[in-house]
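Student: Here you go, one structure.
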Amino acid sequence: MRYKMVGLVWMMFAVVCVGNVAAQVKPDVAQLAWMSGCWELKKPTSTTTERWGTATDNLLIGTSQTVKGTKSVAFEFLRIMSTPEGITYFAQPSNAKEPTAFPAIKVTATEAVFENLKHDFPQRIIYKTDGPDKLNARIEGPMNGAMKGIDFAFVRGKCS
């Protein structure tokens with residue numbers, strides 16, 4: 001009986017330790033490897049391209065560029081990195097002096113959701129994959145007194 005009780009105590013201790021370790025495990029940036037590559041969204045008057053480098057455990061670097069005709073009309077420097085708080089998306093549009101941080105609120109094998117409710121627009125940035133050649137992005141938040149969402153349906157493009 002005594003050995004059964006000691007075994008039970010050790011088993012309970014192991015369950016508590018494993019539970020605490022699991023609770024402390026944070027997702028790493030490498031889980032977003034499905035975002036890596038070159039992505040294009042062609043419209044009648046413009047093309048937007050996002051390029052994401054190789055996802056490592058702590059960093060994924062990207063750029064976004066919109067071209068109308070032969071002129072760049074917008075660009076943005078992007079990075080997703082591990083921070084003490086978890087994974088954070090940093091966006092720095094061409095007109096911004098400093099990047100804006102959007103901490104991750106959800107990271108799965110097919111979706112990443114980043115949110116900063118203190119930012120004007122967007123407050124939420126969402127990326128989803130529908131397979132190896134599709135990357136859907138969405139930005140959402142309040143604009144002119146109403147909630148607005150803008151969707152970007154990217155397809156895999158050639159890196160040039």
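Letters for chains follow the order of the structure tokens (A, B, ...), residue numbers begin at 1 for each chain, and ligand numbers begin at 1 in the order shown.
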Going by DSSP on the backbone, which bits of segment 43-81 of chain A are strand (DSSP E)? Write them as a list in words, please.

Tutor: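 Taking segment 43-81 of chain A and keeping strand (DSSP E) gives Thr47, Thr48, Thr49, Glu50, Arg51, Trp52, Leu59, Leu60, Ile61, Gly62, Thr63, Ser64, Gln65, Thr66, Val67, Lys68, Lys71, Ser72, Val73, Ala74, Phe75, Glu76, Phe77, Leu78, Arg79, Ile80 and Met81 of chain A.
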
Student: Print the selection's residues with N, CA and C atoms to a file, as an mmCIF file, in the first residue's frame.

Tutor:
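The result, stored in selection-v8.cif:
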data_model
loop_
_atom_site.group_PDB
_atom_site.id
_atom_site.type_symbol
_atom_site.label_atom_id
_atom_site.label_comp_id
_atom_site.auth_asym_id
_atom_site.auth_seq_id
_atom_site.Cartn_x
_atom_site.Cartn_y
_atom_site.Cartn_z
ATOM 1 N N THR A 47 -0.750 46.294 -58.704
ATOM 2 C CA THR A 47 -0.313 44.985 -58.202
ATOM 3 C C THR A 47 0.330 45.197 -56.846
ATOM 4 N N THR A 48 -0.127 44.425 -55.873
ATOM 5 C CA THR A 48 0.489 44.443 -54.545
ATOM 6 C C THR A 48 1.236 43.139 -54.356
ATOM 7 N N THR A 49 2.477 43.261 -53.904
ATOM 8 C CA THR A 49 3.325 42.093 -53.674
ATOM 9 C C THR A 49 3.775 42.080 -52.229
ATOM 10 N N GLU A 50 3.655 40.925 -51.587
ATOM 11 C CA GLU A 50 4.262 40.715 -50.267
ATOM 12 C C GLU A 50 5.318 39.647 -50.426
ATOM 13 N N ARG A 51 6.477 39.903 -49.855
ATOM 14 C CA ARG A 51 7.580 38.943 -49.870
ATOM 15 C C ARG A 51 7.958 38.638 -48.436
ATOM 16 N N TRP A 52 7.887 37.375 -48.071
ATOM 17 C CA TRP A 52 8.259 36.936 -46.729
ATOM 18 C C TRP A 52 9.444 35.994 -46.838
ATOM 19 N N LEU A 59 12.206 34.889 -35.977
ATOM 20 C CA LEU A 59 12.047 36.037 -36.873
ATOM 21 C C LEU A 59 11.558 35.626 -38.255
ATOM 22 N N LEU A 60 10.667 36.460 -38.811
ATOM 23 C CA LEU A 60 10.202 36.358 -40.187
ATOM 24 C C LEU A 60 10.146 37.787 -40.720
ATOM 25 N N ILE A 61 10.920 38.072 -41.769
ATOM 26 C CA ILE A 61 11.017 39.426 -42.305
ATOM 27 C C ILE A 61 10.266 39.509 -43.626
ATOM 28 N N GLY A 62 9.503 40.616 -43.799
ATOM 29 C CA GLY A 62 8.737 40.787 -45.019
ATOM 30 C C GLY A 62 8.715 42.218 -45.510
ATOM 31 N N THR A 63 8.287 42.366 -46.752
ATOM 32 C CA THR A 63 8.046 43.681 -47.336
ATOM 33 C C THR A 63 6.743 43.607 -48.119
ATOM 34 N N SER A 64 6.119 44.764 -48.280
ATOM 35 C CA SER A 64 4.930 44.886 -49.108
ATOM 36 C C SER A 64 5.143 46.076 -50.029
ATOM 37 N N GLN A 65 4.714 45.927 -51.291
ATOM 38 C CA GLN A 65 4.878 46.998 -52.260
ATOM 39 C C GLN A 65 3.671 46.999 -53.184
ATOM 40 N N THR A 66 3.117 48.185 -53.411
ATOM 41 C CA THR A 66 2.024 48.344 -54.371
ATOM 42 C C THR A 66 2.523 49.195 -55.527
ATOM 43 N N VAL A 67 2.309 48.694 -56.746
ATOM 44 C CA VAL A 67 2.766 49.351 -57.961
ATOM 45 C C VAL A 67 1.560 49.641 -58.852
ATOM 46 N N LYS A 68 1.491 50.884 -59.343
ATOM 47 C CA LYS A 68 0.498 51.282 -60.346
ATOM 48 C C LYS A 68 1.271 51.700 -61.585
ATOM 49 N N LYS A 71 5.091 52.836 -61.356
ATOM 50 C CA LYS A 71 5.485 53.576 -60.153
ATOM 51 C C LYS A 71 5.033 52.869 -58.883
ATOM 52 N N SER A 72 5.925 52.833 -57.903
ATOM 53 C CA SER A 72 5.559 52.353 -56.565
ATOM 54 C C SER A 72 4.746 53.443 -55.884
ATOM 55 N N VAL A 73 3.578 53.070 -55.380
ATOM 56 C CA VAL A 73 2.720 54.054 -54.717
ATOM 57 C C VAL A 73 2.631 53.817 -53.210
ATOM 58 N N ALA A 74 3.063 52.661 -52.765
ATOM 59 C CA ALA A 74 3.077 52.371 -51.324
ATOM 60 C C ALA A 74 4.052 51.232 -51.063
ATOM 61 N N PHE A 75 4.691 51.281 -49.905
ATOM 62 C CA PHE A 75 5.516 50.158 -49.469
ATOM 63 C C PHE A 75 5.490 50.097 -47.953
ATOM 64 N N GLU A 76 5.886 48.939 -47.445
ATOM 65 C CA GLU A 76 5.841 48.714 -46.003
ATOM 66 C C GLU A 76 6.909 47.694 -45.640
ATOM 67 N N PHE A 77 7.579 47.955 -44.527
ATOM 68 C CA PHE A 77 8.520 46.987 -43.969
ATOM 69 C C PHE A 77 7.784 46.215 -42.881
ATOM 70 N N LEU A 78 7.928 44.895 -42.906
ATOM 71 C CA LEU A 78 7.190 44.029 -41.988
ATOM 72 C C LEU A 78 8.148 43.079 -41.289
ATOM 73 N N ARG A 79 7.824 42.742 -40.067
ATOM 74 C CA ARG A 79 8.572 41.684 -39.393
ATOM 75 C C ARG A 79 7.670 41.049 -38.340
ATOM 76 N N ILE A 80 7.839 39.765 -38.187
ATOM 77 C CA ILE A 80 7.158 39.011 -37.144
ATOM 78 C C ILE A 80 8.264 38.401 -36.309
ATOM 79 N N MET A 81 8.243 38.685 -35.005
ATOM 80 C CA MET A 81 9.353 38.208 -34.188
ATOM 81 C C MET A 81 8.898 37.777 -32.804
#

Student: Write out as a list in words each polymer residue whose atoms come within 8 Å of Arg138 of chain A, counting only C-alpha atoms; drop sequence neighbours fewer than 5 positions from it.

Tutor: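 Once the adjacent positions are removed, what remains is Ile125, Ile126, Tyr127, Gly149, Ile150, Asp151 and Phe152 of chain A.
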
Student: For the residues selected in the previous step, produce a file with N, CA, C and O atoms as a short mmCIF file (atom, residue, chain, number, x, y, z; two decimals), in the first residue's frame.

Tutor:
data_model
loop_
_atom_site.label_atom_id
_atom_site.label_comp_id
_atom_site.auth_asym_id
_atom_site.auth_seq_id
_atom_site.Cartn_x
_atom_site.Cartn_y
_atom_site.Cartn_z
N ILE A 125 -4.78 42.34 -37.77
CA ILE A 125 -4.18 41.86 -39.01
C ILE A 125 -4.29 40.34 -38.97
O ILE A 125 -3.86 39.70 -38.00
N ILE A 126 -4.87 39.77 -40.02
CA ILE A 126 -5.12 38.33 -40.06
C ILE A 126 -4.49 37.75 -41.32
O ILE A 126 -4.67 38.29 -42.42
N TYR A 127 -3.77 36.66 -41.17
CA TYR A 127 -3.24 35.90 -42.30
C TYR A 127 -3.78 34.48 -42.20
O TYR A 127 -3.77 33.89 -41.11
N GLY A 149 -13.32 46.25 -42.89
CA GLY A 149 -12.37 45.19 -43.17
C GLY A 149 -11.94 45.24 -44.62
O GLY A 149 -12.76 45.54 -45.50
N ILE A 150 -10.66 45.01 -44.87
CA ILE A 150 -10.14 44.98 -46.23
C ILE A 150 -9.44 43.65 -46.42
O ILE A 150 -8.57 43.27 -45.63
N ASP A 151 -9.82 42.93 -47.48
CA ASP A 151 -9.26 41.61 -47.76
C ASP A 151 -8.25 41.68 -48.90
O ASP A 151 -8.42 42.44 -49.85
N PHE A 152 -7.22 40.85 -48.78
CA PHE A 152 -6.17 40.73 -49.79
C PHE A 152 -6.02 39.24 -50.10
O PHE A 152 -5.53 38.49 -49.25
#

Student: Quote the spacing between atom CA of Glu85 of chain A and atom CA of Asn116 of chain A in Å to one decimal place.

Tutor: 13.4 Å

Student: Rounded to one decimal, what separation in Å do you get between atom CA of Phe154 of chain A and atom CA of Leu117 of chain A?

Tutor: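 Atom CA of Phe154 of chain A sits 25.4 Å away from atom CA of Leu117 of chain A.
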
Student: Please list as a ChimeraX atom specification every residue within 7 Å of Pro103 of chain A, counting only C-alpha atoms and excluding residues in the same chain fewer than 3 positions away.

Tutor: /A:87-89,114-116

Student: Per residue of segment 37-111 of chain A within 6 Å of segment 26-30 of chain A, note the shortest atom pair and the distance in Å to one decimal, counting only C-alpha atoms, and order the rows by chain and increasing residue number, as JSON lines.

Tutor:
{"residue": "A:Ala55", "atom": "CA", "partner": "A:Ala30", "partner_atom": "CA", "distance": 4.9}
{"residue": "A:Thr56", "atom": "CA", "partner": "A:Ala30", "partner_atom": "CA", "distance": 4.8}
{"residue": "A:Asp57", "atom": "CA", "partner": "A:Ala30", "partner_atom": "CA", "distance": 4.7}
{"residue": "A:Asn58", "atom": "CA", "partner": "A:Val29", "partner_atom": "CA", "distance": 5.3}
{"residue": "A:Leu59", "atom": "CA", "partner": "A:Val29", "partner_atom": "CA", "distance": 6.0}

Student: From the set A:Pro142, A:Ala96, A:Met147, A:Lys106, which residue has the shortest atom-to-atom contact distance to Lys128 of chain A, counting only C-alpha atoms?

Tutor: A:Lys106

Student: Between atom CA of Thr108 of chain A and atom CA of Gly53 of chain A, what is the distance, to one decimal in Å?

Tutor: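 So the two atoms, atom CA of Thr108 of chain A and atom CA of Gly53 of chain A, lie 18.8 Å apart.
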
Student: For a quick check of understanding, using only C-alpha atoms, which of A:Lys118, A:Lys43, A:Arg156, A:Lys148 has the smallest distance to Asp133 of chain A?

Tutor: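 Residue with the minimum atom-to-atom distance to Asp133 of chain A: A:Arg156.
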